[in-house]
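Peer 1: If it helps, the file is called start.csv and holds CSV, C-alpha atoms:
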```
chain,number,residue,atom,x,y,z
A,1,ALA,CA,110.0,89.6,92.5
A,2,GLN,CA,109.6,93.4,92.2
A,3,SER,CA,106.3,94.6,93.6
A,4,VAL,CA,104.4,97.7,94.7
A,5,SER,CA,102.0,97.7,97.5
A,6,GLN,CA,99.3,100.2,98.2
A,7,HIS,CA,98.0,100.0,101.7
A,8,ASN,CA,94.4,101.1,101.1
A,9,HIS,CA,92.0,99.7,98.6
A,10,HIS,CA,89.2,102.2,99.1
A,11,VAL,CA,89.3,105.4,101.0
A,12,ILE,CA,86.3,107.5,101.8
A,13,LEU,CA,86.8,111.1,103.0
A,14,SER,CA,84.7,114.2,103.4
A,15,GLU,CA,85.7,117.4,101.6
A,16,ALA,CA,88.5,119.4,103.3
A,17,ALA,CA,89.8,116.3,105.0
A,18,SER,CA,93.5,115.5,104.7
A,19,LEU,CA,94.7,112.6,102.6
A,20,GLU,CA,97.6,110.2,102.8
A,21,LEU,CA,97.8,107.2,100.6
A,22,GLY,CA,100.6,104.7,101.3
A,23,CYS,CA,102.9,103.1,98.8
A,24,ASN,CA,105.8,100.7,99.4
A,25,TYR,CA,107.9,98.9,96.9
A,26,SER,CA,110.3,96.0,96.9
A,27,TYR,CA,113.4,96.7,94.8
A,28,GLY,CA,116.9,97.2,96.2
A,29,GLY,CA,118.3,99.3,93.4
A,30,THR,CA,117.7,102.8,92.1
A,31,VAL,CA,114.1,103.6,91.1
A,32,ASN,CA,112.1,106.3,89.6
A,33,LEU,CA,108.7,106.8,91.3
A,34,PHE,CA,105.3,108.0,90.1
A,35,TRP,CA,101.8,108.6,91.1
A,36,TYR,CA,99.1,108.4,88.4
A,37,VAL,CA,95.5,109.3,88.7
A,38,GLN,CA,92.5,107.9,86.8
A,39,TYR,CA,89.4,110.1,87.0
A,40,PRO,CA,86.1,108.3,86.1
A,41,GLY,CA,85.9,107.6,82.4
A,42,GLN,CA,89.3,109.2,81.7
A,43,HIS,CA,92.8,107.9,80.9
A,44,LEU,CA,95.7,107.6,83.4
A,45,GLN,CA,97.3,111.0,84.0
A,46,LEU,CA,100.6,111.7,85.8
A,47,LEU,CA,100.1,113.4,89.2
A,48,LEU,CA,103.8,113.6,90.1
A,49,LYS,CA,107.1,112.0,89.7
A,50,TYR,CA,110.4,111.5,91.5
A,51,PHE,CA,113.7,110.9,89.7
A,52,SER,CA,116.3,112.3,92.0
A,53,GLY,CA,117.1,115.3,94.2
A,54,ASP,CA,114.6,116.6,96.8
A,55,PRO,CA,112.7,113.7,98.2
A,56,LEU,CA,109.6,115.9,98.7
A,57,VAL,CA,108.0,116.4,95.3
A,58,LYS,CA,105.0,118.5,94.4
A,59,GLY,CA,102.6,117.7,91.7
A,60,ILE,CA,99.4,119.0,90.1
A,61,LYS,CA,96.3,120.0,92.0
A,62,GLY,CA,98.0,120.4,95.4
A,63,PHE,CA,99.3,116.9,95.7
A,64,GLU,CA,102.7,116.0,97.0
A,65,ALA,CA,104.7,112.9,97.8
A,66,GLU,CA,107.7,112.1,99.9
A,67,PHE,CA,110.3,109.5,99.0
A,68,ILE,CA,111.8,107.8,102.0
A,69,LYS,CA,114.5,105.5,100.7
A,70,SER,CA,115.1,103.7,104.0
A,71,LYS,CA,111.5,102.7,104.1
A,72,PHE,CA,111.1,102.0,100.4
A,73,SER,CA,108.0,104.3,100.5
A,74,PHE,CA,106.5,107.0,98.4
A,75,ASN,CA,103.4,108.2,100.1
A,76,LEU,CA,101.0,110.6,98.5
A,77,ARG,CA,99.5,113.5,100.5
A,78,LYS,CA,97.0,116.3,100.1
A,79,PRO,CA,96.2,118.7,102.9
A,80,SER,CA,92.5,119.3,101.9
A,81,VAL,CA,90.7,117.1,99.4
A,82,GLN,CA,87.9,118.2,97.1
A,83,TRP,CA,85.0,116.3,95.6
A,84,SER,CA,86.8,116.5,92.3
A,85,ASP,CA,89.6,114.4,93.7
A,86,THR,CA,87.4,111.4,93.5
A,87,ALA,CA,89.4,109.0,91.4
A,88,GLU,CA,91.6,105.9,91.4
A,89,TYR,CA,95.2,106.5,92.4
A,90,PHE,CA,98.1,104.3,91.3
A,91,CYS,CA,101.6,104.3,92.6
A,92,ALA,CA,104.2,103.0,90.1
A,93,VAL,CA,107.9,102.2,90.2
A,94,ASN,CA,110.4,102.2,87.4
A,95,PRO,CA,113.5,100.2,88.3
A,96,TYR,CA,116.5,101.9,86.9
A,97,ASN,CA,117.8,100.5,83.6
A,98,GLN,CA,114.5,98.8,82.8
A,99,GLY,CA,113.6,101.1,80.0
A,100,GLY,CA,110.8,103.0,81.6
A,101,LYS,CA,108.8,99.9,82.4
A,102,LEU,CA,106.4,100.6,85.2
A,103,ILE,CA,105.4,98.3,88.0
A,104,PHE,CA,102.0,99.4,89.4
A,105,GLY,CA,100.4,99.0,92.7
A,106,GLN,CA,96.9,97.7,92.9
A,107,GLY,CA,95.4,101.1,93.1
A,108,THR,CA,93.4,103.0,95.7
A,109,GLU,CA,89.9,104.2,95.0
A,110,LEU,CA,89.3,107.6,96.7
A,111,SER,CA,85.7,108.7,97.2
A,112,VAL,CA,85.3,112.3,98.5
A,113,LYS,CA,81.8,113.2,99.9
A,114,PRO,CA,80.7,116.7,99.3
B,1,GLY,CA,99.8,113.6,67.5
B,2,ALA,CA,98.5,115.4,70.5
B,3,GLY,CA,98.3,112.3,72.6
B,4,VAL,CA,98.4,108.5,72.6
B,5,SER,CA,95.6,107.2,70.4
B,6,GLN,CA,94.2,103.6,70.7
B,7,SER,CA,91.7,101.9,68.5
B,8,PRO,CA,89.2,100.4,68.7
B,9,SER,CA,88.0,101.9,72.0
B,10,ASN,CA,85.8,98.8,72.5
B,11,LYS,CA,86.0,95.4,71.0
B,12,VAL,CA,83.6,92.4,71.6
B,13,THR,CA,84.8,89.2,70.2
B,14,GLU,CA,83.9,85.5,70.4
B,15,LYS,CA,86.1,83.1,72.2
B,16,GLY,CA,88.6,81.5,69.9
B,17,LYS,CA,88.8,84.5,67.5
B,18,ASP,CA,91.9,86.6,66.9
B,19,VAL,CA,92.0,90.3,67.7
B,20,GLU,CA,94.3,93.2,66.8
B,21,LEU,CA,94.6,96.3,69.0
B,22,ARG,CA,96.3,99.4,67.6
B,23,CYS,CA,98.3,102.1,69.3
B,24,ASP,CA,99.5,105.4,67.8
B,25,PRO,CA,102.1,106.9,70.2
B,26,ILE,CA,102.9,110.6,70.6
B,27,SER,CA,104.9,111.7,67.6
B,28,GLY,CA,108.7,111.5,68.3
B,29,HIS,CA,108.4,109.2,71.3
B,30,THR,CA,110.8,106.3,70.8
B,31,ALA,CA,109.5,104.2,73.8
B,32,LEU,CA,106.2,102.4,73.7
B,33,TYR,CA,104.5,100.2,76.2
B,34,TRP,CA,101.5,97.9,76.5
B,35,TYR,CA,99.8,97.3,79.8
B,36,ARG,CA,96.6,95.3,80.7
B,37,GLN,CA,94.1,96.5,83.3
B,38,SER,CA,91.8,94.0,84.7
B,39,LEU,CA,89.7,93.5,87.9
B,40,GLY,CA,91.7,91.6,90.5
B,41,GLN,CA,95.0,91.9,88.6
B,42,GLY,CA,95.4,95.7,88.5
B,43,LEU,CA,97.7,97.2,85.9
B,44,GLU,CA,100.1,94.6,84.4
B,45,PHE,CA,103.1,95.4,82.2
B,46,LEU,CA,103.0,93.4,78.9
B,47,ILE,CA,105.8,94.6,76.6
B,48,TYR,CA,108.2,97.5,75.9
B,49,PHE,CA,109.4,98.7,72.6
B,50,GLN,CA,112.4,100.9,72.0
B,51,GLY,CA,112.1,101.9,68.4
B,52,ASN,CA,111.0,98.8,66.5
B,53,SER,CA,112.6,96.3,68.8
B,54,ALA,CA,111.2,94.8,72.0
B,55,PRO,CA,113.9,94.5,74.6
B,56,ASP,CA,111.4,93.4,77.3
B,57,LYS,CA,108.5,91.1,76.5
B,58,SER,CA,108.5,89.6,80.0
B,59,GLY,CA,104.9,90.5,80.7
B,60,LEU,CA,103.2,88.7,77.7
B,61,PRO,CA,101.0,86.1,79.5
B,62,SER,CA,101.2,83.4,76.8
B,63,ASP,CA,102.4,82.7,73.3
B,64,ARG,CA,98.9,83.7,72.1
B,65,PHE,CA,100.0,87.3,72.7
B,66,SER,CA,102.3,89.1,70.3
B,67,ALA,CA,103.1,92.7,69.4
B,68,GLU,CA,105.0,94.5,66.8
B,69,ARG,CA,105.9,98.1,66.0
B,70,THR,CA,106.7,99.4,62.6
B,71,GLY,CA,108.4,102.6,61.5
B,72,GLY,CA,109.2,103.4,65.1
B,73,SER,CA,105.6,104.5,65.5
B,74,VAL,CA,102.4,102.5,65.3
B,75,SER,CA,102.2,99.3,67.4
B,76,THR,CA,99.8,96.4,67.1
B,77,LEU,CA,99.0,94.0,69.9
B,78,THR,CA,97.6,90.7,68.6
B,79,ILE,CA,95.8,88.1,70.7
B,80,GLN,CA,95.2,84.8,69.0
B,81,ARG,CA,92.5,82.3,69.9
B,82,THR,CA,91.0,84.7,72.5
B,83,GLN,CA,89.9,83.3,75.9
B,84,GLN,CA,87.4,84.8,78.4
B,85,GLU,CA,90.3,85.5,80.8
B,86,ASP,CA,91.7,87.9,78.1
B,87,SER,CA,88.8,90.3,78.8
B,88,ALA,CA,90.4,93.5,80.1
B,89,VAL,CA,91.3,97.0,79.2
B,90,TYR,CA,94.5,97.1,77.1
B,91,LEU,CA,96.5,100.3,77.6
B,92,CYS,CA,99.2,101.7,75.5
B,93,ALA,CA,101.7,104.3,76.7
B,94,SER,CA,104.6,106.2,75.1
B,95,SER,CA,107.5,108.1,76.5
B,96,GLN,CA,110.2,110.3,74.9
B,97,ASP,CA,113.1,107.8,75.2
B,98,GLY,CA,112.3,105.4,78.1
B,99,VAL,CA,115.0,106.9,80.3
B,100,ASN,CA,113.9,109.1,83.2
B,101,THR,CA,110.9,110.3,81.3
B,102,GLU,CA,107.2,110.0,82.1
B,103,ALA,CA,104.9,107.8,80.2
B,104,PHE,CA,101.7,109.2,78.6
B,105,PHE,CA,98.8,106.8,78.4
B,106,GLY,CA,96.0,106.3,75.9
B,107,GLN,CA,92.4,105.8,76.7
B,108,GLY,CA,92.7,102.1,76.2
B,109,THR,CA,90.8,99.4,74.4
B,110,ARG,CA,88.2,97.5,76.3
B,111,LEU,CA,88.2,93.9,75.1
B,112,THR,CA,85.3,91.6,76.0
B,113,VAL,CA,85.5,88.0,75.0
B,114,VAL,CA,82.1,86.2,75.0
```
Could you show the structure in this file as C-alpha coordinates?
Peer 2:
Amino acid sequence: AQSVSQHNHHVILSEAASLELGCNYSYGGTVNLFWYVQYPGQHLQLLLKYFSGDPLVKGIKGFEAEFIKSKFSFNLRKPSVQWSDTAEYFCAVNPYNQGGKLIFGQGTELSVKP
Amino acid sequence: GAGVSQSPSNKVTEKGKDVELRCDPISGHTALYWYRQSLGQGLEFLIYFQGNSAPDKSGLPSDRFSAERTGGSVSTLTIQRTQQEDSAVYLCASSQDGVNTEAFFGQGTRLTVV
(Lines of atoms letter the chains of each structure in order from A and count residues from 1; the text may use other names and numbers.)
(Lines give C-alpha, C1' and ligand atoms only; values in the text may rest on other atoms or scores of the structure.)
Protein backbone atom coordinates (compact mmCIF):
# COMPACT_ATOMS: atom_id res chain seq x y z
CA ALA A 1 0.00 0.00 0.00
CA GLN A 2 1.13 3.56 -0.63
CA SER A 3 2.32 5.25 2.54
CA VAL A 4 4.24 8.25 3.78
CA SER A 5 6.42 8.12 6.85
CA GLN A 6 7.57 11.10 8.86
CA HIS A 7 10.42 10.20 11.15
CA ASN A 8 9.78 12.57 14.00
CA HIS A 9 6.54 12.91 15.89
CA HIS A 10 7.52 15.91 18.01
CA VAL A 11 10.59 18.11 17.63
CA ILE A 12 11.61 20.76 20.14
CA LEU A 13 14.19 23.36 19.13
CA SER A 14 15.50 26.66 20.37
CA GLU A 15 15.29 29.73 18.16
CA ALA A 16 18.09 29.94 15.58
CA ALA A 17 18.62 26.18 15.59
CA SER A 18 18.61 24.37 12.27
CA LEU A 19 15.72 22.13 11.33
CA GLU A 20 15.47 18.98 9.29
CA LEU A 21 12.27 16.94 9.16
CA GLY A 22 12.42 13.59 7.46
CA CYS A 23 9.86 12.22 5.02
CA ASN A 24 9.94 8.93 3.14
CA TYR A 25 7.30 7.43 0.90
CA SER A 26 6.55 4.08 -0.58
CA TYR A 27 5.48 4.30 -4.19
CA GLY A 28 7.47 3.14 -7.18
CA GLY A 29 6.07 5.46 -9.80
CA THR A 30 6.21 9.16 -10.51
CA VAL A 31 5.03 11.38 -7.69
CA ASN A 32 4.37 14.99 -6.87
CA LEU A 33 5.56 15.96 -3.38
CA PHE A 34 4.38 18.55 -0.90
CA TRP A 35 5.00 19.94 2.53
CA TYR A 36 2.02 21.55 4.26
CA VAL A 37 2.05 23.47 7.53
CA GLN A 38 -0.74 23.94 10.04
CA TYR A 39 -0.21 26.80 12.48
CA PRO A 40 -2.21 26.64 15.72
CA GLY A 41 -5.87 27.33 14.99
CA GLN A 42 -5.31 27.77 11.27
CA HIS A 43 -5.96 25.73 8.16
CA LEU A 44 -3.41 23.72 6.24
CA GLN A 45 -1.18 25.89 4.06
CA LEU A 46 1.28 24.89 1.38
CA LEU A 47 4.94 25.39 2.29
CA LEU A 48 6.46 24.05 -0.89
CA LYS A 49 5.95 21.57 -3.69
CA TYR A 50 7.93 19.46 -6.11
CA PHE A 51 6.54 18.41 -9.48
CA SER A 52 9.64 18.05 -11.65
CA GLY A 53 12.99 19.66 -12.43
CA ASP A 54 15.48 20.83 -9.82
CA PRO A 55 15.16 18.44 -6.86
CA LEU A 56 15.99 21.23 -4.42
CA VAL A 57 12.89 23.35 -4.01
CA LYS A 58 12.45 26.52 -2.05
CA GLY A 59 9.24 27.50 -0.33
CA ILE A 60 7.88 30.25 1.80
CA LYS A 61 9.44 31.56 5.02
CA GLY A 62 12.91 30.25 4.23
CA PHE A 63 11.99 26.58 4.03
CA GLU A 64 13.47 24.26 1.44
CA ALA A 65 13.21 20.56 0.64
CA GLU A 66 15.27 18.12 -1.34
CA PHE A 67 13.80 15.26 -3.37
CA ILE A 68 16.14 12.27 -3.46
CA LYS A 69 14.49 9.80 -5.81
CA SER A 70 16.82 6.90 -4.99
CA LYS A 71 15.93 7.21 -1.32
CA PHE A 72 12.23 7.95 -1.83
CA SER A 73 12.75 10.93 0.44
CA PHE A 74 11.66 14.56 0.55
CA ASN A 75 13.18 16.09 3.68
CA LEU A 76 12.28 19.59 4.84
CA ARG A 77 14.98 21.97 6.05
CA LYS A 78 15.36 25.44 7.48
CA PRO A 79 18.74 26.85 8.52
CA SER A 80 17.46 28.94 11.43
CA VAL A 81 14.02 28.49 12.99
CA GLN A 82 11.95 31.17 14.64
CA TRP A 83 9.36 30.97 17.40
CA SER A 84 6.71 31.67 14.74
CA ASP A 85 7.60 28.37 13.02
CA THR A 86 5.88 26.52 15.85
CA ALA A 87 3.31 24.41 14.00
CA GLU A 88 2.53 20.95 12.71
CA TYR A 89 4.20 19.95 9.47
CA PHE A 90 2.81 17.39 7.05
CA CYS A 91 4.56 15.70 4.18
CA ALA A 92 2.25 14.57 1.38
CA VAL A 93 2.62 12.55 -1.79
CA ASN A 94 0.44 12.63 -4.88
CA PRO A 95 1.01 9.52 -6.98
CA TYR A 96 0.93 10.49 -10.62
CA ASN A 97 -2.36 9.89 -12.41
CA GLN A 98 -4.35 9.76 -9.18
CA GLY A 99 -6.08 13.06 -9.73
CA GLY A 100 -4.31 15.13 -7.13
CA LYS A 101 -5.19 12.79 -4.26
CA LEU A 102 -2.77 13.36 -1.39
CA ILE A 103 -1.39 10.68 0.90
CA PHE A 104 -0.21 12.35 4.09
CA GLY A 105 2.37 11.44 6.65
CA GLN A 106 1.39 11.42 10.31
CA GLY A 107 2.71 14.92 10.85
CA THR A 108 5.53 16.37 12.93
CA GLU A 109 4.78 18.82 15.67
CA LEU A 110 7.51 21.46 15.91
CA SER A 111 7.86 23.52 19.05
CA VAL A 112 10.35 26.39 18.96
CA LYS A 113 11.40 27.84 22.30
CA PRO A 114 12.11 31.59 22.34
CA GLY B 1 -14.60 32.82 -3.57
CA ALA B 2 -11.37 33.85 -1.95
CA GLY B 3 -10.77 30.49 -0.33
CA VAL B 4 -12.33 27.13 0.44
CA SER B 5 -15.26 27.60 2.78
CA GLN B 6 -16.69 24.89 5.00
CA SER B 7 -19.79 24.88 7.16
CA PRO B 8 -20.55 24.42 9.91
CA SER B 9 -17.22 25.02 11.62
CA ASN B 10 -18.34 22.90 14.57
CA LYS B 11 -21.02 20.25 14.85
CA VAL B 12 -22.05 18.27 17.89
CA THR B 13 -24.46 15.45 17.20
CA GLU B 14 -25.92 12.52 19.03
CA LYS B 15 -24.88 9.01 18.16
CA GLY B 16 -27.18 7.58 15.51
CA LYS B 17 -28.11 10.91 13.92
CA ASP B 18 -27.27 11.88 10.35
CA VAL B 19 -25.08 14.90 9.61
CA GLU B 20 -24.31 16.92 6.49
CA LEU B 21 -21.09 18.85 6.03
CA ARG B 22 -20.78 21.45 3.31
CA CYS B 23 -17.85 22.63 1.21
CA ASP B 24 -17.65 25.61 -1.13
CA PRO B 25 -14.48 25.30 -3.21
CA ILE B 26 -12.52 28.10 -4.78
CA SER B 27 -14.40 29.40 -7.80
CA GLY B 28 -13.29 27.70 -11.00
CA HIS B 29 -11.59 24.76 -9.31
CA THR B 30 -12.76 21.54 -10.93
CA ALA B 31 -11.16 19.15 -8.44
CA LEU B 32 -12.49 18.78 -4.90
CA TYR B 33 -11.34 16.51 -2.09
CA TRP B 34 -12.54 15.44 1.33
CA TYR B 35 -10.11 14.39 4.04
CA ARG B 36 -10.52 13.44 7.69
CA GLN B 37 -8.12 14.46 10.42
CA SER B 38 -8.28 12.56 13.67
CA LEU B 39 -5.96 11.77 16.57
CA GLY B 40 -4.07 8.61 15.92
CA GLN B 41 -5.11 8.40 12.26
CA GLY B 42 -3.58 11.59 10.91
CA LEU B 43 -4.96 12.97 7.67
CA GLU B 44 -6.91 10.42 5.64
CA PHE B 45 -8.18 10.81 2.11
CA LEU B 46 -11.90 10.15 1.76
CA ILE B 47 -13.07 11.03 -1.76
CA TYR B 48 -12.09 12.99 -4.87
CA PHE B 49 -14.41 14.79 -7.28
CA GLN B 50 -13.57 15.92 -10.78
CA GLY B 51 -16.48 18.09 -11.76
CA ASN B 52 -19.60 16.34 -10.46
CA SER B 53 -18.26 12.81 -10.72
CA ALA B 54 -16.20 10.96 -8.13
CA PRO B 55 -13.53 8.83 -9.81
CA ASP B 56 -11.98 7.90 -6.47
CA LYS B 57 -14.11 7.04 -3.46
CA SER B 58 -11.59 4.60 -2.06
CA GLY B 59 -11.16 6.39 1.28
CA LEU B 60 -14.79 6.37 2.41
CA PRO B 61 -14.66 4.25 5.58
CA SER B 62 -18.09 2.64 5.31
CA ASP B 63 -21.37 2.80 3.46
CA ARG B 64 -22.61 5.25 6.09
CA PHE B 65 -20.46 7.85 4.35
CA SER B 66 -21.49 9.43 1.06
CA ALA B 67 -20.75 12.62 -0.81
CA GLU B 68 -22.07 14.49 -3.75
CA ARG B 69 -21.14 17.53 -5.75
CA THR B 70 -23.54 19.60 -7.77
CA GLY B 71 -22.98 22.18 -10.47
CA GLY B 72 -19.28 21.44 -10.37
CA SER B 73 -19.13 23.53 -7.24
CA VAL B 74 -20.58 22.88 -3.78
CA SER B 75 -20.08 19.48 -2.21
CA THR B 76 -21.85 17.81 0.68
CA LEU B 77 -20.44 14.99 2.79
CA THR B 78 -23.16 13.02 4.56
CA ILE B 79 -22.59 10.66 7.46
CA GLN B 80 -25.56 8.50 8.36
CA ARG B 81 -26.15 6.92 11.76
CA THR B 82 -23.10 8.63 13.24
CA GLN B 83 -20.84 6.71 15.61
CA GLN B 84 -18.39 8.01 18.18
CA GLU B 85 -15.46 6.94 16.02
CA ASP B 86 -16.69 9.40 13.37
CA SER B 87 -15.59 12.27 15.62
CA ALA B 88 -12.86 14.12 13.74
CA VAL B 89 -12.12 17.25 11.75
CA TYR B 90 -13.39 16.92 8.20
CA LEU B 91 -11.34 18.92 5.72
CA CYS B 92 -12.26 19.94 2.22
CA ALA B 93 -9.74 20.99 -0.40
CA SER B 94 -9.93 22.12 -3.99
CA SER B 95 -7.45 22.43 -6.82
CA GLN B 96 -7.57 23.93 -10.26
CA ASP B 97 -7.76 20.71 -12.22
CA GLY B 98 -6.34 17.89 -10.09
CA VAL B 99 -3.27 17.57 -12.33
CA ASN B 100 0.06 18.90 -11.09
CA THR B 101 -1.63 21.63 -9.12
CA GLU B 102 -1.64 22.34 -5.43
CA ALA B 103 -4.66 21.82 -3.22
CA PHE B 104 -6.06 24.61 -1.07
CA PHE B 105 -7.68 23.59 2.19
CA GLY B 106 -10.62 24.94 4.13
CA GLN B 107 -10.71 25.45 7.88
CA GLY B 108 -12.54 22.18 8.40
CA THR B 109 -15.63 21.07 10.27
CA ARG B 110 -15.01 19.67 13.74
CA LEU B 111 -17.55 16.88 14.27
CA THR B 112 -18.18 15.56 17.76
CA VAL B 113 -20.46 12.58 18.22
CA VAL B 114 -21.77 12.22 21.76
Peer 1: In Å, how far is it from CA of Gly106 (chain B) to CA of Val89 (chain B)?
Peer 2: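 About the pair CA of Gly106 (chain B) and CA of Val89 (chain B): they are 10.9 Å apart.
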Peer 1: May I have the protein, DNA and RNA residues with any atom at most 10 Å from the point (111.2, 100.2, 65.6), counting all atoms listed in the file, written as a ChimeraX atom specification?
Peer 2: /B:30-32,49-54,68-75
Peer 1: Given all atoms listed in the file as the basis, pick out the residue of A:Ile68, A:Leu33, A:Gly53, A:Leu110 nearest to chain B.
Peer 2: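 Checking each candidate against chain B, we get A:Leu33 as the closest.
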Peer 1: Please, which residues of chain A lie no more than 9 Å from chain B when the count uses all atoms listed in the file, and can they be set out as a list in words?
Peer 2: Asn32, Phe34, Gly41, Gln42, His43, Leu44, Gln45, Leu46, Lys49, Phe51, Phe90, Asn94, Tyr96, Asn97, Gln98, Gly99, Gly100, Lys101, Leu102, Ile103, Phe104, Gly105, Gln106 and Gly107 of chain A
Peer 1: Filtering to C-alpha atoms, could you give me those residues as an mmCIF file, keeping the file's coordinate frame?
Peer 2:
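File out-v3.cif, as written:
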```
data_model
loop_
_atom_site.group_PDB
_atom_site.id
_atom_site.type_symbol
_atom_site.label_atom_id
_atom_site.label_comp_id
_atom_site.auth_asym_id
_atom_site.auth_seq_id
_atom_site.Cartn_x
_atom_site.Cartn_y
_atom_site.Cartn_z
ATOM 1 C CA ASN A 32 112.100 106.300 89.600
ATOM 2 C CA PHE A 34 105.300 108.000 90.100
ATOM 3 C CA GLY A 41 85.900 107.600 82.400
ATOM 4 C CA GLN A 42 89.300 109.200 81.700
ATOM 5 C CA HIS A 43 92.800 107.900 80.900
ATOM 6 C CA LEU A 44 95.700 107.600 83.400
ATOM 7 C CA GLN A 45 97.300 111.000 84.000
ATOM 8 C CA LEU A 46 100.600 111.700 85.800
ATOM 9 C CA LYS A 49 107.100 112.000 89.700
ATOM 10 C CA PHE A 51 113.700 110.900 89.700
ATOM 11 C CA PHE A 90 98.100 104.300 91.300
ATOM 12 C CA ASN A 94 110.400 102.200 87.400
ATOM 13 C CA TYR A 96 116.500 101.900 86.900
ATOM 14 C CA ASN A 97 117.800 100.500 83.600
ATOM 15 C CA GLN A 98 114.500 98.800 82.800
ATOM 16 C CA GLY A 99 113.600 101.100 80.000
ATOM 17 C CA GLY A 100 110.800 103.000 81.600
ATOM 18 C CA LYS A 101 108.800 99.900 82.400
ATOM 19 C CA LEU A 102 106.400 100.600 85.200
ATOM 20 C CA ILE A 103 105.400 98.300 88.000
ATOM 21 C CA PHE A 104 102.000 99.400 89.400
ATOM 22 C CA GLY A 105 100.400 99.000 92.700
ATOM 23 C CA GLN A 106 96.900 97.700 92.900
ATOM 24 C CA GLY A 107 95.400 101.100 93.100
#
```
Peer 1: For CA of Val57 (chain A) and CA of Leu76 (chain A), quote the distance in Å rounded to one decimal.
Peer 2: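 Atom-to-atom, CA of Val57 (chain A) to CA of Leu76 (chain A), that is 9.6 Å.
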Peer 1: Just the number, please: distance in Å from CA of Tyr25 (chain A) to CA of Val93 (chain A), one decimal.
Peer 2: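 Going from CA of Tyr25 (chain A) over to CA of Val93 (chain A), I get 7.5 Å.
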Peer 1: For region 1-12 of chain B, list every protein, DNA or RNA residue within 6 Å, evaluated using only C-alpha atoms, and leave out those in the same chain fewer than 2 positions away; present the list as an MDAnalysis selection string.
Peer 2: chainID B and resid 22:27 106 108:113
Peer 1: Please return as a CSV table (one decimal) with C-alpha atoms, in the frame of the given file every residue within 12 Å of (89.5, 118.0, 105.1), taking into account all atoms listed in the file and the file's own coordinates.
Peer 2:
```csv
chain,number,residue,atom,x,y,z
A,12,ILE,CA,86.3,107.5,101.8
A,13,LEU,CA,86.8,111.1,103.0
A,14,SER,CA,84.7,114.2,103.4
A,15,GLU,CA,85.7,117.4,101.6
A,16,ALA,CA,88.5,119.4,103.3
A,17,ALA,CA,89.8,116.3,105.0
A,18,SER,CA,93.5,115.5,104.7
A,19,LEU,CA,94.7,112.6,102.6
A,20,GLU,CA,97.6,110.2,102.8
A,77,ARG,CA,99.5,113.5,100.5
A,78,LYS,CA,97.0,116.3,100.1
A,79,PRO,CA,96.2,118.7,102.9
A,80,SER,CA,92.5,119.3,101.9
A,81,VAL,CA,90.7,117.1,99.4
A,82,GLN,CA,87.9,118.2,97.1
A,83,TRP,CA,85.0,116.3,95.6
A,85,ASP,CA,89.6,114.4,93.7
A,112,VAL,CA,85.3,112.3,98.5
A,113,LYS,CA,81.8,113.2,99.9
A,114,PRO,CA,80.7,116.7,99.3
```
